[in-house]
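Below is start-v8.cif, which holds mmCIF, C-alpha atoms, pLDDT in the B column; chains and numbers go by the auth columns.
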```cif
data_model
#
loop_
_atom_site.group_PDB
_atom_site.id
_atom_site.type_symbol
_atom_site.label_atom_id
_atom_site.label_comp_id
_atom_site.label_asym_id
_atom_site.label_seq_id
_atom_site.Cartn_x
_atom_site.Cartn_y
_atom_site.Cartn_z
_atom_site.B_iso_or_equiv
_atom_site.auth_seq_id
_atom_site.auth_asym_id
ATOM 1 C CA MET A 1 73.221 89.767 84.140 46.00 20 A
ATOM 2 C CA PRO A 2 73.086 88.504 87.738 48.00 21 A
ATOM 3 C CA GLU A 3 71.322 90.843 90.152 51.00 22 A
ATOM 4 C CA ALA A 4 73.528 92.674 92.634 43.00 23 A
ATOM 5 C CA GLY A 5 72.219 90.590 95.509 45.00 24 A
ATOM 6 C CA ASP A 6 72.659 87.201 93.827 53.00 25 A
ATOM 7 C CA ASP A 7 75.280 84.901 95.341 55.00 26 A
ATOM 8 C CA ALA A 8 75.860 82.986 92.105 53.00 27 A
ATOM 9 C CA ALA A 9 79.368 82.253 93.331 69.00 28 A
ATOM 10 C CA GLN A 10 79.606 81.193 96.953 86.00 29 A
ATOM 11 C CA TYR A 11 82.319 82.871 99.019 92.00 30 A
ATOM 12 C CA PRO A 12 84.963 81.623 99.349 94.00 31 A
ATOM 13 C CA GLY A 13 84.070 78.459 97.396 97.00 32 A
ATOM 14 C CA VAL A 14 86.816 77.490 94.972 98.00 33 A
ATOM 15 C CA CYS A 15 89.602 80.073 94.977 98.00 34 A
ATOM 16 C CA LEU A 16 92.790 80.434 92.933 98.00 35 A
ATOM 17 C CA ILE A 17 95.751 82.262 94.499 99.00 36 A
ATOM 18 C CA THR A 18 99.085 83.048 92.853 98.00 37 A
ATOM 19 C CA GLY A 19 102.272 83.702 94.784 98.00 38 A
ATOM 20 C CA ALA A 20 100.672 81.401 97.304 98.00 39 A
ATOM 21 C CA ALA A 21 103.743 79.908 98.963 97.00 40 A
ATOM 22 C CA SER A 22 104.664 82.867 101.182 96.00 41 A
ATOM 23 C CA GLY A 23 103.778 86.355 102.324 96.00 42 A
ATOM 24 C CA ILE A 24 100.378 87.766 101.383 98.00 43 A
ATOM 25 C CA GLY A 25 99.545 84.734 99.225 98.00 44 A
ATOM 26 C CA ALA A 26 100.100 82.199 102.004 98.00 45 A
ATOM 27 C CA ALA A 27 98.271 84.382 104.525 98.00 46 A
ATOM 28 C CA THR A 28 95.327 84.644 102.130 98.00 47 A
ATOM 29 C CA ALA A 29 95.268 80.878 101.614 98.00 48 A
ATOM 30 C CA ARG A 30 95.138 80.371 105.385 98.00 49 A
ATOM 31 C CA ARG A 31 92.400 82.983 105.766 98.00 50 A
ATOM 32 C CA LEU A 32 90.194 81.518 103.038 98.00 51 A
ATOM 33 C CA ALA A 33 90.721 78.016 104.399 98.00 52 A
ATOM 34 C CA ASP A 34 89.601 79.268 107.814 97.00 53 A
ATOM 35 C CA ASP A 35 86.607 80.956 106.175 97.00 54 A
ATOM 36 C CA GLY A 36 85.449 77.608 104.809 97.00 55 A
ATOM 37 C CA ALA A 37 86.794 77.426 101.280 98.00 56 A
ATOM 38 C CA ARG A 38 85.776 74.269 99.435 97.00 57 A
ATOM 39 C CA ALA A 39 88.970 74.176 97.359 98.00 58 A
ATOM 40 C CA LEU A 40 92.145 76.209 96.963 98.00 59 A
ATOM 41 C CA VAL A 41 94.112 76.262 93.722 98.00 60 A
ATOM 42 C CA LEU A 42 97.564 77.429 94.827 98.00 61 A
ATOM 43 C CA VAL A 43 100.142 78.562 92.284 98.00 62 A
ATOM 44 C CA ASP A 44 103.779 79.364 93.031 98.00 63 A
ATOM 45 C CA ARG A 45 107.134 78.627 91.420 97.00 64 A
ATOM 46 C CA GLU A 46 108.623 77.629 94.803 97.00 65 A
ATOM 47 C CA GLY A 47 107.441 74.043 94.808 97.00 66 A
ATOM 48 C CA ASP A 48 108.903 72.979 98.160 98.00 67 A
ATOM 49 C CA GLN A 49 107.353 75.926 99.997 98.00 68 A
ATOM 50 C CA LEU A 50 104.069 75.336 98.207 98.00 69 A
ATOM 51 C CA ARG A 51 103.981 71.695 99.275 98.00 70 A
ATOM 52 C CA ALA A 52 104.801 72.692 102.860 98.00 71 A
ATOM 53 C CA LEU A 53 101.860 75.105 102.842 98.00 72 A
ATOM 54 C CA GLY A 54 99.653 72.381 101.398 98.00 73 A
ATOM 55 C CA ASP A 55 100.608 70.066 104.268 98.00 74 A
ATOM 56 C CA GLU A 56 99.780 72.823 106.744 98.00 75 A
ATOM 57 C CA LEU A 57 96.388 73.537 105.192 98.00 76 A
ATOM 58 C CA GLU A 58 95.160 69.956 104.953 97.00 77 A
ATOM 59 C CA ARG A 59 91.833 69.577 106.737 95.00 78 A
ATOM 60 C CA PRO A 60 88.506 67.787 106.223 96.00 79 A
ATOM 61 C CA GLY A 61 86.324 69.394 103.588 96.00 80 A
ATOM 62 C CA LEU A 62 89.113 71.318 101.859 98.00 81 A
ATOM 63 C CA GLU A 63 90.499 70.199 98.501 98.00 82 A
ATOM 64 C CA LEU A 64 93.936 71.436 97.470 98.00 83 A
ATOM 65 C CA TYR A 65 95.323 71.724 93.964 98.00 84 A
ATOM 66 C CA LEU A 66 99.028 72.660 94.069 98.00 85 A
ATOM 67 C CA CYS A 67 100.550 74.072 90.888 98.00 86 A
ATOM 68 C CA ALA A 68 104.327 74.523 91.107 98.00 87 A
ATOM 69 C CA GLN A 69 104.840 76.791 88.111 97.00 88 A
ATOM 70 C CA ASP A 70 105.881 80.265 87.107 97.00 89 A
ATOM 71 C CA VAL A 71 102.951 82.619 86.481 98.00 90 A
ATOM 72 C CA THR A 72 104.572 83.638 83.176 98.00 91 A
ATOM 73 C CA ASP A 73 104.267 80.070 81.812 98.00 92 A
ATOM 74 C CA GLU A 74 101.347 80.236 79.382 98.00 93 A
ATOM 75 C CA ASP A 75 101.315 76.476 78.820 97.00 94 A
ATOM 76 C CA GLY A 76 101.140 75.979 82.573 97.00 95 A
ATOM 77 C CA TRP A 77 98.013 78.115 82.693 98.00 96 A
ATOM 78 C CA ASP A 78 96.420 75.884 80.071 97.00 97 A
ATOM 79 C CA GLY A 79 96.997 73.003 82.486 97.00 98 A
ATOM 80 C CA VAL A 80 95.506 74.943 85.400 98.00 99 A
ATOM 81 C CA GLU A 81 92.421 75.755 83.360 98.00 100 A
ATOM 82 C CA HIS A 82 91.964 72.124 82.367 98.00 101 A
ATOM 83 C CA GLY A 83 92.433 70.923 85.945 98.00 102 A
ATOM 84 C CA VAL A 84 89.962 73.391 87.432 98.00 103 A
ATOM 85 C CA ARG A 85 87.330 72.605 84.823 98.00 104 A
ATOM 86 C CA HIS A 86 87.798 68.882 85.443 97.00 105 A
ATOM 87 C CA HIS A 87 87.613 69.044 89.231 97.00 106 A
ATOM 88 C CA TRP A 88 85.240 71.931 90.004 98.00 107 A
ATOM 89 C CA GLN A 89 83.854 73.221 86.678 97.00 108 A
ATOM 90 C CA GLY A 90 84.955 76.732 87.578 97.00 109 A
ATOM 91 C CA LEU A 91 86.138 79.214 90.183 98.00 110 A
ATOM 92 C CA ASP A 92 84.389 81.453 92.679 98.00 111 A
ATOM 93 C CA ALA A 93 87.340 83.707 93.466 98.00 112 A
ATOM 94 C CA VAL A 94 90.769 84.657 92.141 98.00 113 A
ATOM 95 C CA VAL A 95 93.642 86.425 93.928 99.00 114 A
ATOM 96 C CA VAL A 96 96.263 87.791 91.523 98.00 115 A
ATOM 97 C CA ASN A 97 99.160 88.136 93.918 98.00 116 A
ATOM 98 C CA ALA A 98 102.473 86.828 92.531 97.00 117 A
ATOM 99 C CA GLY A 99 105.132 89.503 92.237 95.00 118 A
ATOM 100 C CA VAL A 100 108.826 90.312 92.349 93.00 119 A
ATOM 101 C CA SER A 101 110.774 93.496 92.971 90.00 120 A
ATOM 102 C CA ASP A 102 113.985 95.155 91.876 88.00 121 A
ATOM 103 C CA SER A 103 115.458 98.582 92.466 88.00 122 A
ATOM 104 C CA GLY A 104 117.820 101.062 90.914 92.00 123 A
ATOM 105 C CA PRO A 105 117.764 104.449 89.170 96.00 124 A
ATOM 106 C CA ILE A 106 116.351 104.371 85.640 98.00 125 A
ATOM 107 C CA ALA A 107 119.684 105.403 84.153 98.00 126 A
ATOM 108 C CA GLU A 108 121.371 102.425 85.790 97.00 127 A
ATOM 109 C CA LEU A 109 118.616 99.808 85.544 96.00 128 A
ATOM 110 C CA SER A 110 119.367 97.000 83.114 96.00 129 A
ATOM 111 C CA PHE A 111 116.756 96.038 80.564 97.00 130 A
ATOM 112 C CA GLU A 112 117.040 92.472 81.852 97.00 131 A
ATOM 113 C CA ALA A 113 116.030 93.606 85.352 96.00 132 A
ATOM 114 C CA TRP A 114 113.186 95.712 83.922 97.00 133 A
ATOM 115 C CA ARG A 115 111.858 92.810 81.879 98.00 134 A
ATOM 116 C CA LYS A 116 112.053 90.368 84.793 97.00 135 A
ATOM 117 C CA VAL A 117 109.856 92.583 86.954 97.00 136 A
ATOM 118 C CA MET A 118 107.413 93.406 84.164 98.00 137 A
ATOM 119 C CA SER A 119 107.223 89.765 83.094 98.00 138 A
ATOM 120 C CA VAL A 120 106.159 88.480 86.500 98.00 139 A
ATOM 121 C CA ASN A 121 104.179 91.459 87.777 98.00 140 A
ATOM 122 C CA LEU A 122 102.352 92.424 84.582 98.00 141 A
ATOM 123 C CA ASP A 123 102.535 89.499 82.131 98.00 142 A
ATOM 124 C CA GLY A 124 101.916 87.072 84.981 98.00 143 A
ATOM 125 C CA ALA A 125 98.981 89.140 86.221 98.00 144 A
ATOM 126 C CA PHE A 126 97.503 89.207 82.727 98.00 145 A
ATOM 127 C CA LEU A 127 97.807 85.436 82.286 98.00 146 A
ATOM 128 C CA THR A 128 96.341 84.831 85.741 98.00 147 A
ATOM 129 C CA LEU A 129 93.449 87.201 85.160 98.00 148 A
ATOM 130 C CA ARG A 130 92.809 85.825 81.675 98.00 149 A
ATOM 131 C CA THR A 131 92.502 82.317 83.094 98.00 150 A
ATOM 132 C CA GLY A 132 90.461 83.642 85.992 98.00 151 A
ATOM 133 C CA MET A 133 87.992 85.478 83.745 98.00 152 A
ATOM 134 C CA ARG A 134 87.486 82.284 81.753 98.00 153 A
ATOM 135 C CA LEU A 135 86.913 80.167 84.856 98.00 154 A
ATOM 136 C CA LEU A 136 85.008 82.466 87.208 98.00 155 A
ATOM 137 C CA ARG A 137 81.374 81.622 87.652 97.00 156 A
ATOM 138 C CA ASP A 138 78.813 84.397 87.197 97.00 157 A
ATOM 139 C CA GLY A 139 78.855 86.496 90.343 97.00 158 A
ATOM 140 C CA GLY A 140 82.457 85.583 91.181 97.00 159 A
ATOM 141 C CA ALA A 141 85.176 87.966 92.318 98.00 160 A
ATOM 142 C CA ALA A 142 88.835 88.698 91.720 98.00 161 A
ATOM 143 C CA VAL A 143 91.336 90.782 93.643 98.00 162 A
ATOM 144 C CA VAL A 144 94.515 92.045 92.010 98.00 163 A
ATOM 145 C CA VAL A 145 97.305 92.833 94.467 98.00 164 A
ATOM 146 C CA SER A 146 98.984 96.021 93.306 98.00 165 A
ATOM 147 C CA SER A 147 100.935 98.403 95.549 98.00 166 A
ATOM 148 C CA ALA A 148 100.869 101.938 96.866 98.00 167 A
ATOM 149 C CA SER A 149 103.982 102.294 94.697 97.00 168 A
ATOM 150 C CA GLY A 150 101.636 102.145 91.715 98.00 169 A
ATOM 151 C CA VAL A 151 100.226 105.573 92.592 98.00 170 A
ATOM 152 C CA LYS A 152 103.112 107.281 94.433 97.00 171 A
ATOM 153 C CA ALA A 153 106.429 107.948 92.746 96.00 172 A
ATOM 154 C CA GLU A 154 109.653 107.212 94.554 95.00 173 A
ATOM 155 C CA ALA A 155 113.167 107.237 93.172 96.00 174 A
ATOM 156 C CA GLY A 156 114.735 103.876 92.380 95.00 175 A
ATOM 157 C CA ILE A 157 111.620 101.728 91.866 95.00 176 A
ATOM 158 C CA ALA A 158 110.755 102.418 88.226 97.00 177 A
ATOM 159 C CA ALA A 159 110.189 98.814 87.156 97.00 178 A
ATOM 160 C CA TYR A 160 108.205 97.783 90.216 96.00 179 A
ATOM 161 C CA ALA A 161 106.118 100.957 90.335 98.00 180 A
ATOM 162 C CA SER A 162 105.357 100.844 86.615 98.00 181 A
ATOM 163 C CA SER A 163 104.249 97.233 86.777 98.00 182 A
ATOM 164 C CA LYS A 164 101.987 97.945 89.757 98.00 183 A
ATOM 165 C CA ALA A 165 100.471 101.011 88.084 98.00 184 A
ATOM 166 C CA ALA A 166 99.764 98.926 85.006 98.00 185 A
ATOM 167 C CA VAL A 167 97.898 96.194 86.883 98.00 186 A
ATOM 168 C CA ILE A 168 95.587 98.796 88.416 98.00 187 A
ATOM 169 C CA GLN A 169 94.380 99.710 84.943 98.00 188 A
ATOM 170 C CA LEU A 170 94.315 96.058 83.885 98.00 189 A
ATOM 171 C CA ALA A 171 91.978 95.325 86.793 98.00 190 A
ATOM 172 C CA LYS A 172 89.712 98.254 85.917 98.00 191 A
ATOM 173 C CA VAL A 173 89.335 97.031 82.349 98.00 192 A
ATOM 174 C CA ALA A 174 88.651 93.521 83.639 98.00 193 A
ATOM 175 C CA ALA A 175 86.002 94.928 85.983 98.00 194 A
ATOM 176 C CA LYS A 176 84.221 96.631 83.106 98.00 195 A
ATOM 177 C CA GLU A 177 84.415 93.527 80.919 98.00 196 A
ATOM 178 C CA GLY A 178 83.239 91.253 83.723 98.00 197 A
ATOM 179 C CA ALA A 179 80.366 93.389 84.987 98.00 198 A
ATOM 180 C CA PRO A 180 77.743 91.993 82.571 98.00 199 A
ATOM 181 C CA ARG A 181 78.301 88.589 84.232 97.00 200 A
ATOM 182 C CA GLY A 182 78.242 90.036 87.723 97.00 201 A
ATOM 183 C CA LEU A 183 81.995 89.535 88.088 97.00 202 A
ATOM 184 C CA ARG A 184 83.685 91.913 90.512 98.00 203 A
ATOM 185 C CA VAL A 185 87.327 92.782 89.947 98.00 204 A
ATOM 186 C CA ASN A 186 89.001 95.093 92.455 98.00 205 A
ATOM 187 C CA THR A 187 92.552 96.051 93.341 98.00 206 A
ATOM 188 C CA ILE A 188 94.249 96.307 96.709 98.00 207 A
ATOM 189 C CA LEU A 189 97.194 98.674 97.124 98.00 208 A
ATOM 190 C CA PRO A 190 99.236 97.765 100.200 98.00 209 A
ATOM 191 C CA GLY A 191 101.988 100.012 101.421 96.00 210 A
ATOM 192 C CA GLY A 192 104.783 98.369 103.344 94.00 211 A
ATOM 193 C CA VAL A 193 104.057 94.771 104.310 96.00 212 A
ATOM 194 C CA GLU A 194 106.346 92.496 106.292 94.00 213 A
ATOM 195 C CA THR A 195 106.899 89.839 103.628 89.00 214 A
ATOM 196 C CA PRO A 196 109.878 87.757 102.463 83.00 215 A
ATOM 197 C CA MET A 197 110.216 89.963 99.354 78.00 216 A
ATOM 198 C CA TRP A 198 112.281 92.387 101.421 84.00 217 A
ATOM 199 C CA SER A 199 114.943 89.802 102.219 81.00 218 A
ATOM 200 C CA GLY A 200 116.188 89.907 98.629 75.00 219 A
ATOM 201 C CA MET A 201 116.959 93.637 98.804 77.00 220 A
ATOM 202 C CA GLU A 202 120.559 94.496 99.631 81.00 221 A
ATOM 203 C CA PHE A 203 119.739 97.654 101.595 84.00 222 A
ATOM 204 C CA PHE A 204 117.304 95.692 103.776 88.00 223 A
ATOM 205 C CA GLN A 205 119.902 93.022 104.455 91.00 224 A
ATOM 206 C CA ASP A 206 122.308 95.789 105.512 92.00 225 A
ATOM 207 C CA MET A 207 119.687 97.213 107.877 94.00 226 A
ATOM 208 C CA VAL A 208 119.045 93.807 109.425 94.00 227 A
ATOM 209 C CA ALA A 209 122.778 93.380 110.023 95.00 228 A
ATOM 210 C CA GLU A 210 123.026 96.843 111.558 95.00 229 A
ATOM 211 C CA LEU A 211 119.868 96.733 113.711 95.00 230 A
ATOM 212 C CA GLY A 212 119.954 93.074 114.693 95.00 231 A
ATOM 213 C CA SER A 213 116.634 91.751 113.378 95.00 232 A
ATOM 214 C CA GLU A 214 114.167 91.951 110.508 93.00 233 A
ATOM 215 C CA GLN A 215 111.510 93.386 112.814 94.00 234 A
ATOM 216 C CA ALA A 216 113.823 96.213 113.834 95.00 235 A
ATOM 217 C CA ALA A 217 114.556 96.922 110.179 94.00 236 A
ATOM 218 C CA PHE A 218 110.843 96.966 109.319 93.00 237 A
ATOM 219 C CA ASP A 219 110.123 99.301 112.222 93.00 238 A
ATOM 220 C CA ALA A 220 112.902 101.657 111.199 94.00 239 A
ATOM 221 C CA ILE A 221 111.748 101.892 107.582 92.00 240 A
ATOM 222 C CA ALA A 222 108.103 102.347 108.569 93.00 241 A
ATOM 223 C CA GLY A 223 109.045 105.062 111.031 91.00 242 A
ATOM 224 C CA HIS A 224 110.594 107.153 108.252 88.00 243 A
ATOM 225 C CA GLY A 225 107.855 107.062 105.626 87.00 244 A
ATOM 226 C CA THR A 226 104.569 105.820 107.082 95.00 245 A
ATOM 227 C CA PRO A 227 102.442 108.190 109.187 96.00 246 A
ATOM 228 C CA LEU A 228 101.092 105.317 111.302 96.00 247 A
ATOM 229 C CA GLY A 229 104.684 104.242 111.946 95.00 248 A
ATOM 230 C CA ARG A 230 104.219 100.543 111.195 94.00 249 A
ATOM 231 C CA TYR A 231 104.077 98.126 108.307 95.00 250 A
ATOM 232 C CA ALA A 232 101.180 95.718 107.869 97.00 251 A
ATOM 233 C CA LYS A 233 101.371 92.033 108.631 97.00 252 A
ATOM 234 C CA PRO A 234 100.437 89.711 105.735 97.00 253 A
ATOM 235 C CA GLU A 235 97.433 88.519 107.747 98.00 254 A
ATOM 236 C CA GLU A 236 95.996 92.050 107.745 98.00 255 A
ATOM 237 C CA ILE A 237 96.166 92.274 103.965 98.00 256 A
ATOM 238 C CA ALA A 238 94.668 88.789 103.721 98.00 257 A
ATOM 239 C CA GLY A 239 91.695 89.988 105.762 98.00 258 A
ATOM 240 C CA GLN A 240 91.156 92.908 103.422 98.00 259 A
ATOM 241 C CA ILE A 241 91.397 90.616 100.385 98.00 260 A
ATOM 242 C CA ALA A 242 88.838 88.330 102.006 98.00 261 A
ATOM 243 C CA PHE A 243 86.520 91.327 102.418 98.00 262 A
ATOM 244 C CA LEU A 244 86.851 92.274 98.740 98.00 263 A
ATOM 245 C CA LEU A 245 86.025 88.709 97.710 98.00 264 A
ATOM 246 C CA SER A 246 83.062 88.458 100.061 97.00 265 A
ATOM 247 C CA PRO A 247 79.401 89.412 99.553 96.00 266 A
ATOM 248 C CA ALA A 248 80.035 92.369 101.885 96.00 267 A
ATOM 249 C CA ALA A 249 81.826 94.037 98.927 97.00 268 A
ATOM 250 C CA ARG A 250 79.233 93.098 96.298 95.00 269 A
ATOM 251 C CA SER A 251 78.817 96.749 95.254 96.00 270 A
ATOM 252 C CA MET A 252 82.530 97.262 94.608 98.00 271 A
ATOM 253 C CA ALA A 253 83.867 96.897 91.063 98.00 272 A
ATOM 254 C CA GLY A 254 86.986 98.463 89.614 98.00 273 A
ATOM 255 C CA ALA A 255 87.830 99.949 93.011 98.00 274 A
ATOM 256 C CA THR A 256 91.303 100.471 94.458 98.00 275 A
ATOM 257 C CA LEU A 257 91.553 99.825 98.180 98.00 276 A
ATOM 258 C CA VAL A 258 94.603 101.660 99.558 98.00 277 A
ATOM 259 C CA VAL A 259 95.956 100.120 102.769 97.00 278 A
ATOM 260 C CA ASP A 260 99.271 101.855 103.350 97.00 279 A
ATOM 261 C CA GLY A 261 99.319 103.344 106.850 96.00 280 A
ATOM 262 C CA GLY A 262 99.027 106.790 105.313 96.00 281 A
ATOM 263 C CA TYR A 263 102.083 106.450 103.056 96.00 282 A
ATOM 264 C CA THR A 264 100.357 108.025 100.032 96.00 283 A
ATOM 265 C CA LEU A 265 99.006 111.057 101.939 94.00 284 A
#
```
This entry written out as structure tokens:
Amino acid sequence: MPEAGDDAAQYPGVCLITGAASGIGAATARRLADDGARALVLVDREGDQLRALGDELERPGLELYLCAQDVTDEDGWDGVEHGVRHHWQGLDAVVVNAGVSDSGPIAELSFEAWRKVMSVNLDGAFLTLRTGMRLLRDGGAAVVVSSASGVKAEAGIAAYASSKAAVIQLAKVAAKEGAPRGLRVNTILPGGVETPMWSGMEFFQDMVAELGSEQAAFDAIAGHGTPLGRYAKPEEIAGQIAFLLSPAARSMAGATLVVDGGYTL
């Protein structure tokens, strides 16, 4: 087993990020590129947005591997694994970030909607982490992006909350399995974050129309349920993910970092 102080995997080195085309994923890609990543393996089903991010990130010394695929595509993950082994022989870091949301009371939630959320948020996380555990070099690190909704119950978010609670436990098991190789797997639990995911929610669209802007809608929601009275920017969460991947967090394994402005208090 690698010693706790060994830097067998160099931060940020070669990092895989899912849900990379927007929101927390894109912010994390930018942060790791700025931190000197050697290569970024970026996965997202939105191919046009992914390619636009790739154009933005191009710089000397950084290799990009863009994978326009759904995280639930098992065959696609076989291709990712082959490509990473061919180009870099492994990974130093993994960010399990891709996710979707839906809402509605349990009694009214369709099984189709339930399965869509669970498929992306849980099945996709499993497939990502399975590939990551196979590819991570000894001493590497993974961060699973869960949610404060995974530990605090609210009406109307059964599918999303259940999927995010499940990935917390998935990450803990992965941390225990990876520890003999010095792998660190931790989970981050953001509260409200100003990401494009909100734009697909009907109530948020109604608030934007009523208040005049997305920022006003975010501020109004945060003011009701978050003690600090604000939602996080994606760049803030990216910084916290970067910390969890870095040698500064080398003693953390199976931890859950709650960053929710006090929402779960």
Item to check | Test item: residues at most 10 Å from A:Ala71, only C-alpha atoms, excluding those fewer than 5 positions along its chain, as a ChimeraX atom specification | outcome: /A:40,66,76
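Closest approach to A:Glu65 from the set A:Gln88, A:Thr47, A:Gln224, A:Ser122 is made by A:Gln88, with distances taken over only C-alpha atoms.
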Checklist entry - Exactly which residues make up the result of the PyMOL selection byres ((chain A and resi 148) around 10) on this file, given as JSON, numbers by chain? => result {"A": [113, 114, 115, 142, 143, 144, 145, 146, 147, 149, 150, 151, 152, 153, 154, 155, 161, 162, 163, 189, 190, 193, 204]}
Checklist entry - If you measure from atom CA of A:Val90 to atom CA of A:Phe237, what distance in Å do you get, rounded to one decimal? => result 28.1 Å
Item to check | Pick from A:Gly219, A:Gly73, A:Gly258, A:Pro209, whichever lies nearest to A:Ser120 using only C-alpha atoms | outcome: A:Gly219
